[in-house]
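Here is the file coords_8.pdb (PDB, C-alpha atoms, pLDDT in the B column).
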ATOM      1  CA  LYS A   1      66.044 222.588  61.935  1.00 80.00           C
ATOM      2  CA  MET A   2      63.504 224.612  63.832  1.00 83.00           C
ATOM      3  CA  PRO A   3      64.231 228.371  63.972  1.00 87.00           C
ATOM      4  CA  ASP A   4      65.228 229.739  67.378  1.00 92.00           C
ATOM      5  CA  ASN A   5      62.311 230.565  69.695  1.00 94.00           C
ATOM      6  CA  PHE A   6      59.764 228.676  67.569  1.00 95.00           C
ATOM      7  CA  GLU A   7      57.702 225.647  68.469  1.00 95.00           C
ATOM      8  CA  VAL A   8      55.713 223.142  66.424  1.00 94.00           C
ATOM      9  CA  ILE A   9      51.971 223.693  66.739  1.00 94.00           C
ATOM     10  CA  ALA A  10      50.894 221.214  64.025  1.00 91.00           C
ATOM     11  CA  HIS A  11      52.407 218.299  62.136  1.00 90.00           C
ATOM     12  CA  THR A  12      51.473 215.522  59.738  1.00 86.00           C
ATOM     13  CA  ALA A  13      53.056 212.187  58.888  1.00 87.00           C
ATOM     14  CA  THR A  14      55.016 213.821  56.054  1.00 82.00           C
ATOM     15  CA  ALA A  15      55.444 217.361  57.421  1.00 83.00           C
ATOM     16  CA  PRO A  16      56.967 217.475  60.918  1.00 88.00           C
ATOM     17  CA  TYR A  17      56.757 221.296  60.898  1.00 88.00           C
ATOM     18  CA  ALA A  18      53.348 221.779  59.258  1.00 88.00           C
ATOM     19  CA  ALA A  19      52.721 224.814  61.483  1.00 91.00           C
ATOM     20  CA  ILE A  20      55.068 226.689  63.797  1.00 94.00           C
ATOM     21  CA  ALA A  21      54.696 229.623  66.149  1.00 94.00           C
ATOM     22  CA  HIS A  22      57.163 231.957  67.819  1.00 96.00           C
ATOM     23  CA  LYS A  23      57.182 231.460  71.563  1.00 96.00           C
ATOM     24  CA  GLU A  24      56.829 235.177  72.369  1.00 95.00           C
ATOM     25  CA  LYS A  25      55.902 237.103  69.211  1.00 93.00           C
ATOM     26  CA  PRO A  26      52.841 236.738  66.968  1.00 90.00           C
ATOM     27  CA  PHE A  27      54.852 235.062  64.176  1.00 92.00           C
ATOM     28  CA  TYR A  28      53.426 231.944  62.552  1.00 91.00           C
ATOM     29  CA  GLY A  29      54.344 229.700  59.661  1.00 89.00           C
ATOM     30  CA  ILE A  30      52.442 227.009  57.812  1.00 83.00           C
ATOM     31  CA  GLN A  31      53.642 224.480  55.285  1.00 81.00           C
ATOM     32  CA  PHE A  32      50.818 223.450  52.992  1.00 73.00           C
ATOM     33  CA  HIS A  33      48.582 224.886  50.301  1.00 77.00           C
ATOM     34  CA  ALA A  34      45.435 226.071  52.019  1.00 75.00           C
ATOM     35  CA  GLU A  35      44.245 227.728  48.797  1.00 76.00           C
ATOM     36  CA  VAL A  36      43.735 224.518  46.816  1.00 76.00           C
ATOM     37  CA  THR A  37      40.176 223.259  46.577  1.00 77.00           C
ATOM     38  CA  HIS A  38      40.867 219.843  48.121  1.00 77.00           C
ATOM     39  CA  THR A  39      42.235 221.323  51.368  1.00 80.00           C
ATOM     40  CA  THR A  40      39.601 220.724  54.017  1.00 84.00           C
ATOM     41  CA  CYS A  41      38.555 224.045  55.589  1.00 86.00           C
ATOM     42  CA  GLY A  42      41.115 225.983  53.493  1.00 85.00           C
ATOM     43  CA  LYS A  43      38.933 229.095  53.373  1.00 85.00           C
ATOM     44  CA  ALA A  44      38.355 228.975  57.137  1.00 89.00           C
ATOM     45  CA  ILE A  45      42.097 228.630  57.710  1.00 86.00           C
ATOM     46  CA  PHE A  46      42.775 231.761  55.658  1.00 84.00           C
ATOM     47  CA  GLU A  47      39.953 233.677  57.351  1.00 89.00           C
ATOM     48  CA  ASN A  48      41.247 232.736  60.792  1.00 90.00           C
ATOM     49  CA  PHE A  49      44.790 233.739  59.884  1.00 86.00           C
ATOM     50  CA  VAL A  50      43.841 237.025  58.213  1.00 89.00           C
ATOM     51  CA  ASP A  51      41.109 238.125  60.627  1.00 91.00           C
ATOM     52  CA  ARG A  52      42.101 236.748  64.017  1.00 90.00           C
ATOM     53  CA  ILE A  53      45.854 236.317  63.910  1.00 87.00           C
ATOM     54  CA  CYS A  54      46.844 239.232  61.660  1.00 88.00           C
ATOM     55  CA  GLY A  55      43.960 241.455  62.759  1.00 91.00           C
ATOM     56  CA  CYS A  56      43.237 242.652  59.211  1.00 90.00           C
ATOM     57  CA  LYS A  57      40.083 244.592  58.470  1.00 88.00           C
ATOM     58  CA  ARG A  58      37.853 243.589  55.582  1.00 85.00           C
ATOM     59  CA  ASN A  59      37.369 247.131  54.358  1.00 86.00           C
ATOM     60  CA  TRP A  60      38.317 246.646  50.715  1.00 82.00           C
ATOM     61  CA  THR A  61      37.011 244.920  47.633  1.00 85.00           C
ATOM     62  CA  MET A  62      38.864 243.466  44.691  1.00 81.00           C
ATOM     63  CA  GLU A  63      37.470 246.271  42.524  1.00 81.00           C
ATOM     64  CA  THR A  64      38.951 248.996  44.720  1.00 89.00           C
ATOM     65  CA  PHE A  65      42.226 247.092  44.875  1.00 90.00           C
ATOM     66  CA  ILE A  66      42.461 246.892  41.088  1.00 92.00           C
ATOM     67  CA  ASP A  67      41.553 250.566  40.672  1.00 92.00           C
ATOM     68  CA  LYS A  68      44.211 251.588  43.199  1.00 94.00           C
ATOM     69  CA  GLU A  69      46.852 249.378  41.561  1.00 95.00           C
ATOM     70  CA  ILE A  70      46.092 250.774  38.107  1.00 97.00           C
ATOM     71  CA  ALA A  71      46.457 254.318  39.439  1.00 97.00           C
ATOM     72  CA  ARG A  72      49.675 253.382  41.268  1.00 97.00           C
ATOM     73  CA  ILE A  73      51.146 251.796  38.147  1.00 98.00           C
ATOM     74  CA  ARG A  74      50.267 254.828  36.028  1.00 98.00           C
ATOM     75  CA  GLU A  75      51.969 257.142  38.512  1.00 98.00           C
ATOM     76  CA  LEU A  76      55.021 254.898  38.824  1.00 97.00           C
ATOM     77  CA  VAL A  77      55.472 254.345  35.069  1.00 98.00           C
ATOM     78  CA  GLY A  78      54.580 257.854  33.979  1.00 97.00           C
ATOM     79  CA  PRO A  79      52.996 258.976  30.711  1.00 96.00           C
ATOM     80  CA  THR A  80      55.647 257.742  28.254  1.00 97.00           C
ATOM     81  CA  SER A  81      57.702 254.917  29.762  1.00 97.00           C
ATOM     82  CA  ARG A  82      57.355 251.349  28.580  1.00 97.00           C
ATOM     83  CA  VAL A  83      57.330 248.157  30.614  1.00 98.00           C
ATOM     84  CA  ILE A  84      58.129 244.550  29.777  1.00 98.00           C
ATOM     85  CA  GLY A  85      56.887 241.704  31.917  1.00 97.00           C
ATOM     86  CA  ALA A  86      57.555 237.988  32.086  1.00 97.00           C
ATOM     87  CA  ILE A  87      54.623 235.608  31.751  1.00 96.00           C
ATOM     88  CA  SER A  88      54.872 232.098  33.162  1.00 94.00           C
ATOM     89  CA  GLY A  89      51.474 230.971  31.986  1.00 88.00           C
ATOM     90  CA  GLY A  90      50.127 230.856  35.522  1.00 89.00           C
ATOM     91  CA  VAL A  91      47.327 232.859  37.039  1.00 90.00           C
ATOM     92  CA  ASP A  92      49.513 235.351  38.929  1.00 93.00           C
ATOM     93  CA  SER A  93      51.569 236.568  35.986  1.00 95.00           C
ATOM     94  CA  SER A  94      48.528 236.570  33.686  1.00 95.00           C
ATOM     95  CA  VAL A  95      46.511 238.722  36.090  1.00 94.00           C
ATOM     96  CA  ALA A  96      49.498 241.036  36.537  1.00 96.00           C
ATOM     97  CA  ALA A  97      49.773 241.342  32.748  1.00 97.00           C
ATOM     98  CA  LYS A  98      46.087 242.234  32.424  1.00 96.00           C
ATOM     99  CA  ILE A  99      46.379 244.876  35.155  1.00 96.00           C
ATOM    100  CA  MET A 100      49.499 246.333  33.496  1.00 97.00           C
ATOM    101  CA  HIS A 101      47.645 246.441  30.174  1.00 97.00           C
ATOM    102  CA  GLU A 102      44.704 248.197  31.809  1.00 97.00           C
ATOM    103  CA  ALA A 103      47.069 250.716  33.388  1.00 98.00           C
ATOM    104  CA  ILE A 104      49.312 251.633  30.453  1.00 98.00           C
ATOM    105  CA  GLY A 105      47.881 249.908  27.397  1.00 96.00           C
ATOM    106  CA  GLY A 106      50.235 249.302  24.502  1.00 95.00           C
ATOM    107  CA  ARG A 107      53.227 250.559  26.481  1.00 98.00           C
ATOM    108  CA  PHE A 108      53.214 247.189  28.254  1.00 98.00           C
ATOM    109  CA  HIS A 109      54.700 244.235  26.424  1.00 98.00           C
ATOM    110  CA  ALA A 110      54.556 240.745  27.877  1.00 97.00           C
ATOM    111  CA  ILE A 111      57.041 237.999  27.025  1.00 98.00           C
ATOM    112  CA  MET A 112      56.613 234.283  27.605  1.00 97.00           C
ATOM    113  CA  VAL A 113      59.431 231.791  27.056  1.00 97.00           C
ATOM    114  CA  ASP A 114      58.312 228.325  26.008  1.00 96.00           C
ATOM    115  CA  ASN A 115      61.009 226.157  27.574  1.00 94.00           C
ATOM    116  CA  GLY A 116      59.675 222.874  26.250  1.00 93.00           C
ATOM    117  CA  VAL A 117      58.335 221.573  29.550  1.00 91.00           C
ATOM    118  CA  LEU A 118      54.982 223.340  29.526  1.00 91.00           C
ATOM    119  CA  ARG A 119      51.755 221.386  29.208  1.00 89.00           C
ATOM    120  CA  MET A 120      50.811 220.465  25.648  1.00 91.00           C
ATOM    121  CA  ASP A 121      49.683 223.608  23.754  1.00 92.00           C
ATOM    122  CA  GLU A 122      49.958 225.716  26.922  1.00 93.00           C
ATOM    123  CA  ALA A 123      51.997 228.480  25.260  1.00 94.00           C
ATOM    124  CA  LYS A 124      49.393 228.763  22.481  1.00 95.00           C
ATOM    125  CA  GLN A 125      46.543 228.798  24.990  1.00 95.00           C
ATOM    126  CA  VAL A 126      48.209 231.521  27.060  1.00 95.00           C
ATOM    127  CA  HIS A 127      48.879 233.558  23.918  1.00 96.00           C
ATOM    128  CA  ASP A 128      45.274 233.179  22.763  1.00 95.00           C
ATOM    129  CA  THR A 129      43.889 234.116  26.163  1.00 94.00           C
ATOM    130  CA  LEU A 130      46.097 237.137  26.792  1.00 95.00           C
ATOM    131  CA  SER A 131      46.371 238.494  23.255  1.00 95.00           C
ATOM    132  CA  THR A 132      43.058 237.610  21.643  1.00 93.00           C
ATOM    133  CA  HIS A 133      40.709 237.733  24.594  1.00 93.00           C
ATOM    134  CA  LEU A 134      42.357 240.240  26.941  1.00 94.00           C
ATOM    135  CA  GLY A 135      44.189 242.512  24.489  1.00 95.00           C
ATOM    136  CA  VAL A 136      47.629 242.113  26.073  1.00 97.00           C
ATOM    137  CA  GLN A 137      50.568 242.493  23.695  1.00 96.00           C
ATOM    138  CA  LEU A 138      52.378 239.156  24.156  1.00 97.00           C
ATOM    139  CA  THR A 139      55.381 237.641  22.435  1.00 97.00           C
ATOM    140  CA  VAL A 140      55.964 233.924  22.924  1.00 97.00           C
ATOM    141  CA  VAL A 141      59.563 232.867  22.385  1.00 97.00           C
ATOM    142  CA  ASP A 142      60.056 229.198  21.539  1.00 96.00           C
ATOM    143  CA  ALA A 143      63.288 228.301  23.329  1.00 96.00           C
ATOM    144  CA  SER A 144      62.333 224.673  23.820  1.00 95.00           C
ATOM    145  CA  ASP A 145      65.094 223.206  21.633  1.00 96.00           C
ATOM    146  CA  LEU A 146      67.796 225.195  23.416  1.00 96.00           C
ATOM    147  CA  PHE A 147      66.416 224.529  26.892  1.00 94.00           C
ATOM    148  CA  LEU A 148      65.875 220.812  26.360  1.00 94.00           C
ATOM    149  CA  SER A 149      69.296 220.373  24.722  1.00 95.00           C
ATOM    150  CA  ARG A 150      70.912 221.875  27.825  1.00 93.00           C
ATOM    151  CA  LEU A 151      69.024 219.362  29.974  1.00 90.00           C
ATOM    152  CA  LYS A 152      70.136 216.403  27.836  1.00 87.00           C
ATOM    153  CA  ASP A 153      72.563 214.863  30.332  1.00 85.00           C
ATOM    154  CA  VAL A 154      71.045 216.182  33.526  1.00 81.00           C
TER     155      VAL A 154
END

Entire entry expressed as C-alpha cells:
Amino acid sequence: KMPDNFEVIAHTATAPYAAIAHKEKPFYGIQFHAEVTHTTCGKAIFENFVDRICGCKRNWTMETFIDKEIARIRELVGPTSRVIGAISGGVDSSVAAKIMHEAIGGRFHAIMVDNGVLRMDEAKQVHDTLSTHLGVQLTVVDASDLFLSRLKDV
C-alpha cells in the first residue's frame, strides 16, 4: 500500500513502486540498487539525488571522513575501554572493523560467526584479509553445525 500523500513517479514490470515522492514535501523513495555496476546510470542517479534533491555540498573527501571518524571513535571510546564488533564478511562491516582498529588498535576485537551458509571458504578469506593483511584482531566462531541443525526441518 502506498503511504499517505505519496505518489508513484517510476515503476517497472516487477516493481510497481520503484520510485515514490511525497506530494508536498521533498521526500523520495526508490526501490532498487543503484550502486551495483550493472545499473544503467547508477552513478548519475546518486549524483542527482545527493546534489540536486538533497542539496548536499561536495566539500569533503573520504580521507577527511576517515580522519574525523577515527577521532570521534577515540573520543567516544576513551583511552582504556574495549569494543567488540560483529563481522558479516561484507564490505561494510569489514571497513568498519578496519576503522575501529585504526582508532583504538588492540582494544577492538572483531567476531565473525560462520553459520554454515557462507560462500565456500568465505570465513577463512575474511579472517585472512582482516587479521593477516589489515591487522584486525578477529575471532571466527564456527557455529555451522548448530545453525544448520536448527534449520533441518525448516

List the residues selected by the PyMOL selection byres ((chain A and resi 105) around 12) in the file shown, writing them as a list in words. Ile70, Ile73, Arg74, Val77, Pro79, Thr80, Ser81, Arg82, Val83, Ile84, Ala97, Lys98, Ile99, Met100, His101, Glu102, Ala103, Ile104, Gly106, Arg107, Phe108, His109, Ala110, Leu134, Gly135, Val136 and Gln137 of chain A

Can you spell out as an MDAnalysis selection string the set of residues that the PyMOL selection byres ((chain A and resi 26) around 12) selects in the structure I just provided? chainID A and resid 5:6 20:25 27:29 49 52:55

For the provided coordinates, the residues matched by the PyMOL selection byres ((chain A and resi 90) around 12) should be stated as a list in words.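 Listing what the PyMOL selection byres ((chain A and resi 90) around 12) selects in the shown file: Ala86, Ile87, Ser88, Gly89, Val91, Asp92, Ser93, Ser94, Val95, Ala96, Ala97, Met112, Leu118, Arg119, Glu122, Ala123, Gln125, Val126, His127, Thr129 and Leu130 of chain A.
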
Saved selection, atoms kept: C-alpha atoms, as a compact mmCIF listing (two decimals), in the frame of the given file:
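Written file, out02.txt:
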# COMPACT_ATOMS: atom_id res chain seq x y z
CA ALA A 86 57.56 237.99 32.09
CA ILE A 87 54.62 235.61 31.75
CA SER A 88 54.87 232.10 33.16
CA GLY A 89 51.47 230.97 31.99
CA VAL A 91 47.33 232.86 37.04
CA ASP A 92 49.51 235.35 38.93
CA SER A 93 51.57 236.57 35.99
CA SER A 94 48.53 236.57 33.69
CA VAL A 95 46.51 238.72 36.09
CA ALA A 96 49.50 241.04 36.54
CA ALA A 97 49.77 241.34 32.75
CA MET A 112 56.61 234.28 27.60
CA LEU A 118 54.98 223.34 29.53
CA ARG A 119 51.76 221.39 29.21
CA GLU A 122 49.96 225.72 26.92
CA ALA A 123 52.00 228.48 25.26
CA GLN A 125 46.54 228.80 24.99
CA VAL A 126 48.21 231.52 27.06
CA HIS A 127 48.88 233.56 23.92
CA THR A 129 43.89 234.12 26.16
CA LEU A 130 46.10 237.14 26.79

Could you tell me how far CA of Ile9 in chain A sits from CA of His33 in chain A, in Å to one decimal place?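 A separation of 16.8 Å between them.
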
Would you compute the distance between CA of Ile30 in chain A and CA of Ile45 in chain A? Give it in Å to one decimal. 10.5 Å

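The coordinates place CA of Val113 in chain A at 5.8 Å from CA of Val140 in chain A.
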